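A short worksheet on the structure shown next.
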Amino acid sequence: MKLQLALDDITLEEAMELVANVRDYVDIIEVGTPMVMEYGMAPVRELKKRFPDKKVLADLKIMDAGKYESEIAFKAGADYITVLGVTDDGTIEGCVEAARAHRGLVVADMICVKDAEERIRRLEELGIDILSVHTGVDQQAAGRTPLDDLIVMRRAVTAAEISVAGGISAETLPAYLEYKPEIVIVGSGITHAEDPRKVAEKIYKIVRYGINRKKYFVN
């Protein structure tokens with residue numbers, strides 16, 4: 001199981017400083033959609049330059065022009081890109097084609113997908129590498145969590161890996177471990193923590209070693 005750090009509502013300078021601080025406890029660095037909107041591909045290039053040992057995900061949430069938009073990110077150095085699971089199959093195919101050409105991976109963000117089980121089967125047929133359970137900020141404000149969707153996805157997935165995001169913290173993470181997502185995504189729980197490194201270490205050790213938090217938590 002891997003830990004993905006989502007960089008969303010912070011500046012580019014803050015992001016670089018944060019990653020330098022928590023890099024020992026992060027497997028994948030996500031350039032979140034807000035950061036992409038603010039800075040374009042500059043954070044992707046800078047992260048690959050400064051932290052070449054880390055995988056970088058560009059959270060593009062592609063809805064159209066799949067091949068073209070994917071290639072922008074892959075050429076900038078991204079290892080993963082995201083496409084919305086609700087989009088047209090042709091867009092998905094374009095993303096997958098670009099990923100194969102650049103040795104990258106495609107993540108289908110399942111936010112707002114209806115009939116999830118049926119769509120999961122189709123996305124796997126189209127070659128999606130990772131399916132992402134994503135409970136958005138607006139959905140979280142209404143009281144929704146990713147756990148129910150993760151249960152459905154774990155039951156339906158046959159080939160792709162699973163990532164999960166949506167307000168996850170060190171306190172809530174153990175409930176997700178039973179369903180064995182391959183990637184756990186944490187954003188503000190780390191980026192806005194009083195001590196990001198300490199929190200990242202706690203979460204990383206849960207991800208790596210399971211729910212025995214008393215054994216693996218630092219003081």
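Convention: chains lettered A, B, ... in structure tokens order; per-chain residue numbering from 1; ligands numbered from 1 as shown.
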
- Which residues, written as a VMD selection string, have at least one atom at most 12 Å from stretch 108-116 of chain A, with only C-alpha atoms counted and residues fewer than 6 positions away on the same chain left out? chain A and resid 59 to 63 66 80 to 89 91 to 93 95 to 96 122 to 124 126 to 140 144 to 146 148 to 157 160 to 166

Taking the DSSP assignment computed from this structure's backbone, write out as a short mmCIF file (atom, residue, chain, number, x, y, z; two decimals) with all heavy atoms, in the first residue's frame all residues of stretch 100-207 of chain A that belong to strand (DSSP E).
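Output file result-v2.cif is given in full below:
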```
data_model
loop_
_atom_site.label_atom_id
_atom_site.label_comp_id
_atom_site.auth_asym_id
_atom_site.auth_seq_id
_atom_site.Cartn_x
_atom_site.Cartn_y
_atom_site.Cartn_z
N LEU A 105 0.86 5.99 -16.37
CA LEU A 105 -0.32 5.28 -15.91
C LEU A 105 -1.52 6.23 -15.89
O LEU A 105 -1.36 7.43 -15.69
CB LEU A 105 -0.10 4.71 -14.51
CG LEU A 105 1.03 3.66 -14.37
CD1 LEU A 105 1.23 3.30 -12.90
CD2 LEU A 105 0.72 2.42 -15.19
N VAL A 106 -2.70 5.66 -16.08
CA VAL A 106 -3.93 6.44 -16.11
C VAL A 106 -4.81 6.07 -14.91
O VAL A 106 -5.08 4.89 -14.66
CB VAL A 106 -4.72 6.20 -17.40
CG1 VAL A 106 -6.00 7.05 -17.40
CG2 VAL A 106 -3.87 6.53 -18.61
N VAL A 107 -5.24 7.09 -14.20
CA VAL A 107 -6.13 6.94 -13.06
C VAL A 107 -7.51 7.46 -13.46
O VAL A 107 -7.63 8.60 -13.94
CB VAL A 107 -5.63 7.75 -11.85
CG1 VAL A 107 -6.57 7.56 -10.66
CG2 VAL A 107 -4.20 7.36 -11.48
N ALA A 108 -8.54 6.65 -13.28
CA ALA A 108 -9.91 7.10 -13.52
C ALA A 108 -10.51 7.57 -12.21
O ALA A 108 -10.68 6.79 -11.26
CB ALA A 108 -10.75 5.98 -14.11
N ASP A 109 -10.80 8.86 -12.13
CA ASP A 109 -11.42 9.45 -10.95
C ASP A 109 -12.92 9.16 -11.03
O ASP A 109 -13.60 9.59 -11.96
CB ASP A 109 -11.15 10.96 -10.95
CG ASP A 109 -11.64 11.64 -9.69
OD1 ASP A 109 -12.68 11.24 -9.15
OD2 ASP A 109 -10.98 12.60 -9.24
N ILE A 130 -5.62 2.46 -12.72
CA ILE A 130 -6.02 2.70 -11.33
C ILE A 130 -7.41 3.32 -11.33
O ILE A 130 -7.69 4.24 -12.09
CB ILE A 130 -5.03 3.63 -10.61
CG1 ILE A 130 -3.62 3.02 -10.61
CG2 ILE A 130 -5.48 3.91 -9.17
CD1 ILE A 130 -2.53 4.00 -10.22
N LEU A 131 -8.27 2.83 -10.45
CA LEU A 131 -9.59 3.40 -10.24
C LEU A 131 -9.59 4.12 -8.90
O LEU A 131 -9.21 3.53 -7.88
CB LEU A 131 -10.66 2.31 -10.27
CG LEU A 131 -10.88 1.68 -11.65
CD1 LEU A 131 -11.45 0.28 -11.52
CD2 LEU A 131 -11.81 2.56 -12.48
N SER A 132 -10.01 5.37 -8.89
CA SER A 132 -9.90 6.19 -7.69
C SER A 132 -11.26 6.50 -7.09
O SER A 132 -12.09 7.17 -7.71
CB SER A 132 -9.17 7.50 -8.02
OG SER A 132 -8.98 8.27 -6.84
N VAL A 133 -11.48 5.99 -5.89
CA VAL A 133 -12.64 6.41 -5.09
C VAL A 133 -12.37 7.83 -4.63
O VAL A 133 -11.37 8.10 -3.98
CB VAL A 133 -12.82 5.50 -3.87
CG1 VAL A 133 -13.98 6.00 -3.01
CG2 VAL A 133 -13.04 4.06 -4.28
N HIS A 134 -13.26 8.75 -4.99
CA HIS A 134 -13.01 10.16 -4.67
C HIS A 134 -14.29 10.81 -4.18
O HIS A 134 -15.23 10.99 -4.95
CB HIS A 134 -12.48 10.90 -5.90
CG HIS A 134 -12.18 12.33 -5.65
ND1 HIS A 134 -12.00 13.25 -6.67
CD2 HIS A 134 -12.04 13.03 -4.50
CE1 HIS A 134 -11.75 14.43 -6.15
NE2 HIS A 134 -11.78 14.34 -4.83
N GLU A 161 -5.78 -1.35 -10.02
CA GLU A 161 -5.52 -1.01 -8.64
C GLU A 161 -6.57 0.00 -8.18
O GLU A 161 -7.27 0.61 -8.99
CB GLU A 161 -4.11 -0.44 -8.47
CG GLU A 161 -3.02 -1.45 -8.73
CD GLU A 161 -1.64 -0.93 -8.36
OE1 GLU A 161 -1.49 0.29 -8.15
OE2 GLU A 161 -0.71 -1.75 -8.29
N ILE A 162 -6.66 0.19 -6.86
CA ILE A 162 -7.63 1.12 -6.28
C ILE A 162 -6.90 2.16 -5.46
O ILE A 162 -6.02 1.84 -4.65
CB ILE A 162 -8.64 0.38 -5.39
CG1 ILE A 162 -9.49 -0.58 -6.21
CG2 ILE A 162 -9.53 1.38 -4.63
CD1 ILE A 162 -10.41 -1.45 -5.37
N SER A 163 -7.28 3.43 -5.65
CA SER A 163 -6.85 4.50 -4.74
C SER A 163 -8.08 5.10 -4.12
O SER A 163 -9.20 5.00 -4.66
CB SER A 163 -6.03 5.56 -5.48
OG SER A 163 -6.82 6.26 -6.43
N VAL A 164 -7.91 5.72 -2.96
CA VAL A 164 -9.06 6.28 -2.24
C VAL A 164 -8.69 7.63 -1.66
O VAL A 164 -7.61 7.81 -1.10
CB VAL A 164 -9.57 5.31 -1.16
CG1 VAL A 164 -8.49 4.99 -0.14
CG2 VAL A 164 -10.83 5.87 -0.47
N ALA A 165 -9.61 8.60 -1.81
CA ALA A 165 -9.38 9.96 -1.33
C ALA A 165 -10.69 10.55 -0.84
O ALA A 165 -11.77 10.18 -1.30
CB ALA A 165 -8.81 10.83 -2.46
N ILE A 183 -3.54 2.42 -2.94
CA ILE A 183 -3.04 3.78 -2.72
C ILE A 183 -4.02 4.53 -1.83
O ILE A 183 -5.23 4.53 -2.08
CB ILE A 183 -2.87 4.53 -4.06
CG1 ILE A 183 -1.91 3.78 -4.98
CG2 ILE A 183 -2.38 5.96 -3.81
CD1 ILE A 183 -1.90 4.31 -6.41
N VAL A 184 -3.50 5.18 -0.80
CA VAL A 184 -4.29 6.05 0.07
C VAL A 184 -3.85 7.49 -0.19
O VAL A 184 -2.65 7.79 -0.17
CB VAL A 184 -4.09 5.70 1.55
CG1 VAL A 184 -4.76 6.74 2.45
CG2 VAL A 184 -4.63 4.30 1.85
N ILE A 185 -4.82 8.37 -0.44
CA ILE A 185 -4.52 9.76 -0.78
C ILE A 185 -4.91 10.66 0.39
O ILE A 185 -6.06 10.63 0.85
CB ILE A 185 -5.28 10.18 -2.04
CG1 ILE A 185 -4.96 9.23 -3.20
CG2 ILE A 185 -4.94 11.63 -2.42
CD1 ILE A 185 -5.86 9.41 -4.41
N VAL A 186 -3.97 11.46 0.83
CA VAL A 186 -4.22 12.41 1.92
C VAL A 186 -3.75 13.79 1.47
O VAL A 186 -2.64 13.93 0.95
CB VAL A 186 -3.49 12.01 3.22
CG1 VAL A 186 -3.77 13.02 4.33
CG2 VAL A 186 -3.91 10.61 3.66
#
```

Could you name the residues that touch A:Tyr25 at 12 Å or less, counting only C-alpha atoms, but leaving out those on the same chain fewer than 5 positions away, as a PyMOL selection string?
-> chain A and resi 2-5+18-20+54+186+190+196-208

Keeping N, CA and C atoms for every residue in the selection just given, could you write it to a file as a CSV table (one decimal), in the first residue's frame?
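After the write, selection-v6.csv holds the following:
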```csv
chain,number,residue,atom,x,y,z
A,2,LYS,N,0.5,2.3,-0.8
A,2,LYS,CA,1.3,3.5,-0.9
A,2,LYS,C,0.5,4.7,-0.4
A,3,LEU,N,1.3,5.7,0.0
A,3,LEU,CA,0.7,6.9,0.4
A,3,LEU,C,0.9,8.0,-0.6
A,4,GLN,N,-0.1,8.6,-1.1
A,4,GLN,CA,-0.1,9.7,-2.0
A,4,GLN,C,-0.4,11.0,-1.3
A,5,LEU,N,0.4,12.0,-1.5
A,5,LEU,CA,0.2,13.3,-0.9
A,5,LEU,C,-0.4,14.3,-1.9
A,18,LEU,N,7.1,21.8,1.7
A,18,LEU,CA,6.4,20.7,2.4
A,18,LEU,C,6.9,19.4,1.9
A,19,VAL,N,7.1,19.2,0.6
A,19,VAL,CA,7.5,17.9,0.1
A,19,VAL,C,8.9,17.6,0.6
A,20,ALA,N,9.8,18.6,0.7
A,20,ALA,CA,11.1,18.4,1.2
A,20,ALA,C,11.1,17.9,2.7
A,54,LYS,N,10.7,10.3,-6.6
A,54,LYS,CA,9.3,10.2,-6.3
A,54,LYS,C,8.5,10.1,-7.6
A,186,VAL,N,-4.0,11.5,0.8
A,186,VAL,CA,-4.2,12.4,1.9
A,186,VAL,C,-3.8,13.8,1.5
A,190,ILE,N,-2.4,16.4,5.9
A,190,ILE,CA,-1.0,16.6,6.0
A,190,ILE,C,-0.6,18.1,5.7
A,196,PRO,N,3.4,18.8,9.8
A,196,PRO,CA,3.1,17.9,8.7
A,196,PRO,C,4.0,16.7,8.7
A,197,ARG,N,5.2,16.8,9.0
A,197,ARG,CA,6.1,15.6,9.0
A,197,ARG,C,5.7,14.6,10.0
A,198,LYS,N,5.3,15.0,11.2
A,198,LYS,CA,4.8,14.0,12.2
A,198,LYS,C,3.6,13.3,11.8
A,199,VAL,N,2.6,14.1,11.2
A,199,VAL,CA,1.4,13.5,10.7
A,199,VAL,C,1.6,12.6,9.6
A,200,ALA,N,2.5,13.0,8.6
A,200,ALA,CA,2.8,12.1,7.5
A,200,ALA,C,3.4,10.8,7.9
A,201,GLU,N,4.3,10.9,8.9
A,201,GLU,CA,4.9,9.7,9.5
A,201,GLU,C,3.9,8.7,10.1
A,202,LYS,N,2.9,9.3,10.8
A,202,LYS,CA,1.9,8.5,11.4
A,202,LYS,C,1.1,7.8,10.4
A,203,ILE,N,0.6,8.5,9.4
A,203,ILE,CA,-0.2,7.9,8.3
A,203,ILE,C,0.6,6.9,7.5
A,204,TYR,N,1.8,7.2,7.2
A,204,TYR,CA,2.7,6.3,6.4
A,204,TYR,C,2.9,5.0,7.2
A,205,LYS,N,3.0,5.0,8.5
A,205,LYS,CA,3.2,3.8,9.2
A,205,LYS,C,2.0,3.0,9.3
A,206,ILE,N,0.8,3.6,9.3
A,206,ILE,CA,-0.5,2.9,9.3
A,206,ILE,C,-0.6,2.2,7.9
A,207,VAL,N,-0.3,3.0,6.9
A,207,VAL,CA,-0.3,2.4,5.5
A,207,VAL,C,0.6,1.2,5.3
A,208,ARG,N,1.8,1.4,5.9
A,208,ARG,CA,2.8,0.3,5.7
A,208,ARG,C,2.6,-0.9,6.6
```

* Identify, with DSSP run on backbone atoms, the residues in chain A assigned to alpha helix (DSSP H), and express the list as a PyMOL selection string. => chain A and resi 12-22+33-39+42-50+66-76+89-102+116-125+137-141+147-156+174-177+188-191+196-209+213-216

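Atom CA of A:Met35 is found 26.1 Å from atom CA of A:Leu147.
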
Here atom CA of A:Gly187 and atom CA of A:Asp27 stand apart by 13.4 Å

Within 12 Å of A:His102, counting only C-alpha atoms, which residues show up once you throw out same-chain ones fewer than 2 positions away? Write them as a list in words, please.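 Those residues are Lys67, Ser70, Glu71, Ile72, Ala73, Phe74, Lys75, Ala76, Gly77, Ala78, Asp79, Tyr80, Ile81, Cys95, Val96, Glu97, Ala98, Ala99, Arg100, Gly104, Leu105 and Val106 of chain A.
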
Expected file contents, prior selection, N, CA, C and O atoms, as a tab-separated table (two decimals), in the first residue's frame:
```tsv
chain	number	residue	atom	x	y	z
A	67	LYS	N	-6.00	12.25	-25.31
A	67	LYS	CA	-4.62	12.02	-25.71
A	67	LYS	C	-3.81	13.30	-25.64
A	67	LYS	O	-2.70	13.32	-25.08
A	70	SER	N	-3.33	14.51	-21.93
A	70	SER	CA	-2.45	13.58	-21.22
A	70	SER	C	-0.99	13.81	-21.60
A	70	SER	O	-0.09	13.81	-20.75
A	71	GLU	N	-0.75	13.98	-22.91
A	71	GLU	CA	0.62	14.16	-23.38
A	71	GLU	C	1.27	15.41	-22.81
A	71	GLU	O	2.48	15.43	-22.57
A	72	ILE	N	0.49	16.45	-22.58
A	72	ILE	CA	1.05	17.66	-21.96
A	72	ILE	C	1.68	17.32	-20.61
A	72	ILE	O	2.80	17.75	-20.31
A	73	ALA	N	0.96	16.54	-19.82
A	73	ALA	CA	1.46	16.19	-18.49
A	73	ALA	C	2.60	15.18	-18.56
A	73	ALA	O	3.61	15.32	-17.85
A	74	PHE	N	2.47	14.16	-19.40
A	74	PHE	CA	3.54	13.17	-19.50
A	74	PHE	C	4.84	13.79	-20.01
A	74	PHE	O	5.93	13.46	-19.52
A	75	LYS	N	4.75	14.69	-20.95
A	75	LYS	CA	5.95	15.35	-21.46
A	75	LYS	C	6.59	16.25	-20.41
A	75	LYS	O	7.80	16.52	-20.46
A	76	ALA	N	5.79	16.72	-19.45
A	76	ALA	CA	6.32	17.54	-18.36
A	76	ALA	C	6.98	16.69	-17.27
A	76	ALA	O	7.64	17.23	-16.38
A	77	GLY	N	6.78	15.36	-17.36
A	77	GLY	CA	7.42	14.47	-16.40
A	77	GLY	C	6.48	13.71	-15.50
A	77	GLY	O	6.93	12.96	-14.62
A	78	ALA	N	5.17	13.88	-15.67
A	78	ALA	CA	4.22	13.16	-14.82
A	78	ALA	C	4.31	11.65	-15.05
A	78	ALA	O	4.54	11.19	-16.17
A	79	ASP	N	4.15	10.91	-13.98
A	79	ASP	CA	4.10	9.45	-14.05
A	79	ASP	C	2.67	8.94	-14.14
A	79	ASP	O	2.42	7.86	-14.66
A	80	TYR	N	1.74	9.73	-13.61
A	80	TYR	CA	0.32	9.40	-13.62
A	80	TYR	C	-0.47	10.63	-14.06
A	80	TYR	O	-0.09	11.76	-13.74
A	81	ILE	N	-1.61	10.40	-14.73
A	81	ILE	CA	-2.57	11.47	-14.97
A	81	ILE	C	-3.95	10.94	-14.57
A	81	ILE	O	-4.16	9.73	-14.48
A	95	CYS	N	-6.37	8.81	-23.45
A	95	CYS	CA	-5.48	8.89	-22.28
A	95	CYS	C	-4.61	7.65	-22.17
A	95	CYS	O	-3.40	7.73	-21.91
A	96	VAL	N	-5.22	6.50	-22.37
A	96	VAL	CA	-4.48	5.24	-22.27
A	96	VAL	C	-3.42	5.16	-23.38
A	96	VAL	O	-2.28	4.73	-23.13
A	97	GLU	N	-3.76	5.58	-24.57
A	97	GLU	CA	-2.79	5.57	-25.67
A	97	GLU	C	-1.58	6.44	-25.34
A	97	GLU	O	-0.43	6.04	-25.56
A	98	ALA	N	-1.84	7.64	-24.82
A	98	ALA	CA	-0.73	8.53	-24.45
A	98	ALA	C	0.10	7.94	-23.33
A	98	ALA	O	1.34	8.02	-23.36
A	99	ALA	N	-0.55	7.33	-22.36
A	99	ALA	CA	0.18	6.73	-21.24
A	99	ALA	C	1.10	5.62	-21.71
A	99	ALA	O	2.26	5.53	-21.27
A	100	ARG	N	0.61	4.78	-22.59
A	100	ARG	CA	1.45	3.67	-23.06
A	100	ARG	C	2.66	4.21	-23.84
A	100	ARG	O	3.77	3.66	-23.73
A	104	GLY	N	3.55	5.82	-18.85
A	104	GLY	CA	2.83	6.38	-17.71
A	104	GLY	C	1.62	5.53	-17.36
A	104	GLY	O	1.35	4.49	-17.98
A	105	LEU	N	0.86	5.99	-16.37
A	105	LEU	CA	-0.32	5.28	-15.91
A	105	LEU	C	-1.52	6.23	-15.89
A	105	LEU	O	-1.36	7.43	-15.69
A	106	VAL	N	-2.70	5.66	-16.08
A	106	VAL	CA	-3.93	6.44	-16.11
A	106	VAL	C	-4.81	6.07	-14.91
A	106	VAL	O	-5.08	4.89	-14.66
```

For A:Gly189, work out the shell of residues within 8 Å, counting only C-alpha atoms and skipping chain neighbours fewer than 4 positions away, then give it as a PDB file with all heavy atoms, in the first residue's frame.
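So selection.pdb came out as:
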```
ATOM      1  N   GLY A 167     -10.935  13.359   2.520  1.00  0.00           N
ATOM      2  CA  GLY A 167     -10.943  13.701   3.928  1.00  0.00           C
ATOM      3  C   GLY A 167     -10.334  12.657   4.841  1.00  0.00           C
ATOM      4  O   GLY A 167     -10.661  12.591   6.036  1.00  0.00           O
ATOM      5  N   ILE A 168      -9.456  11.826   4.319  1.00  0.00           N
ATOM      6  CA  ILE A 168      -8.847  10.752   5.120  1.00  0.00           C
ATOM      7  C   ILE A 168      -7.772  11.324   6.042  1.00  0.00           C
ATOM      8  O   ILE A 168      -6.983  12.183   5.659  1.00  0.00           O
ATOM      9  CB  ILE A 168      -8.251   9.675   4.204  1.00  0.00           C
ATOM     10  CG1 ILE A 168      -9.371   9.013   3.391  1.00  0.00           C
ATOM     11  CG2 ILE A 168      -7.494   8.619   5.010  1.00  0.00           C
ATOM     12  CD1 ILE A 168      -8.870   8.053   2.333  1.00  0.00           C
ATOM     13  N   SER A 169      -7.737  10.821   7.270  1.00  0.00           N
ATOM     14  CA  SER A 169      -6.760  11.247   8.271  1.00  0.00           C
ATOM     15  C   SER A 169      -6.207  10.026   8.983  1.00  0.00           C
ATOM     16  O   SER A 169      -6.657   8.896   8.756  1.00  0.00           O
ATOM     17  CB  SER A 169      -7.421  12.173   9.302  1.00  0.00           C
ATOM     18  OG  SER A 169      -8.383  11.447  10.069  1.00  0.00           O
ATOM     19  N   ALA A 193      -1.576  20.446   8.501  1.00  0.00           N
ATOM     20  CA  ALA A 193      -1.293  20.011   9.866  1.00  0.00           C
ATOM     21  C   ALA A 193      -0.299  20.952  10.537  1.00  0.00           C
ATOM     22  O   ALA A 193       0.536  21.575   9.875  1.00  0.00           O
ATOM     23  CB  ALA A 193      -0.728  18.591   9.854  1.00  0.00           C
ATOM     24  N   VAL A 199       2.635  14.086  11.210  1.00  0.00           N
ATOM     25  CA  VAL A 199       1.382  13.488  10.745  1.00  0.00           C
ATOM     26  C   VAL A 199       1.637  12.553   9.559  1.00  0.00           C
ATOM     27  O   VAL A 199       1.074  11.457   9.496  1.00  0.00           O
ATOM     28  CB  VAL A 199       0.369  14.587  10.353  1.00  0.00           C
ATOM     29  CG1 VAL A 199      -0.860  13.970   9.709  1.00  0.00           C
ATOM     30  CG2 VAL A 199      -0.022  15.392  11.575  1.00  0.00           C
TER      31      VAL A 199
END
```

Atomic distance atom CA of A:Gly32 - atom CA of A:Ala58, expressed in Å with one decimal: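 So the answer is 6.7 Å.
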
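Across A:Leu47, A:Met1, A:Tyr39, A:Asp64, the tightest approach to A:Met16 is made by A:Leu47 when counting only C-alpha atoms.
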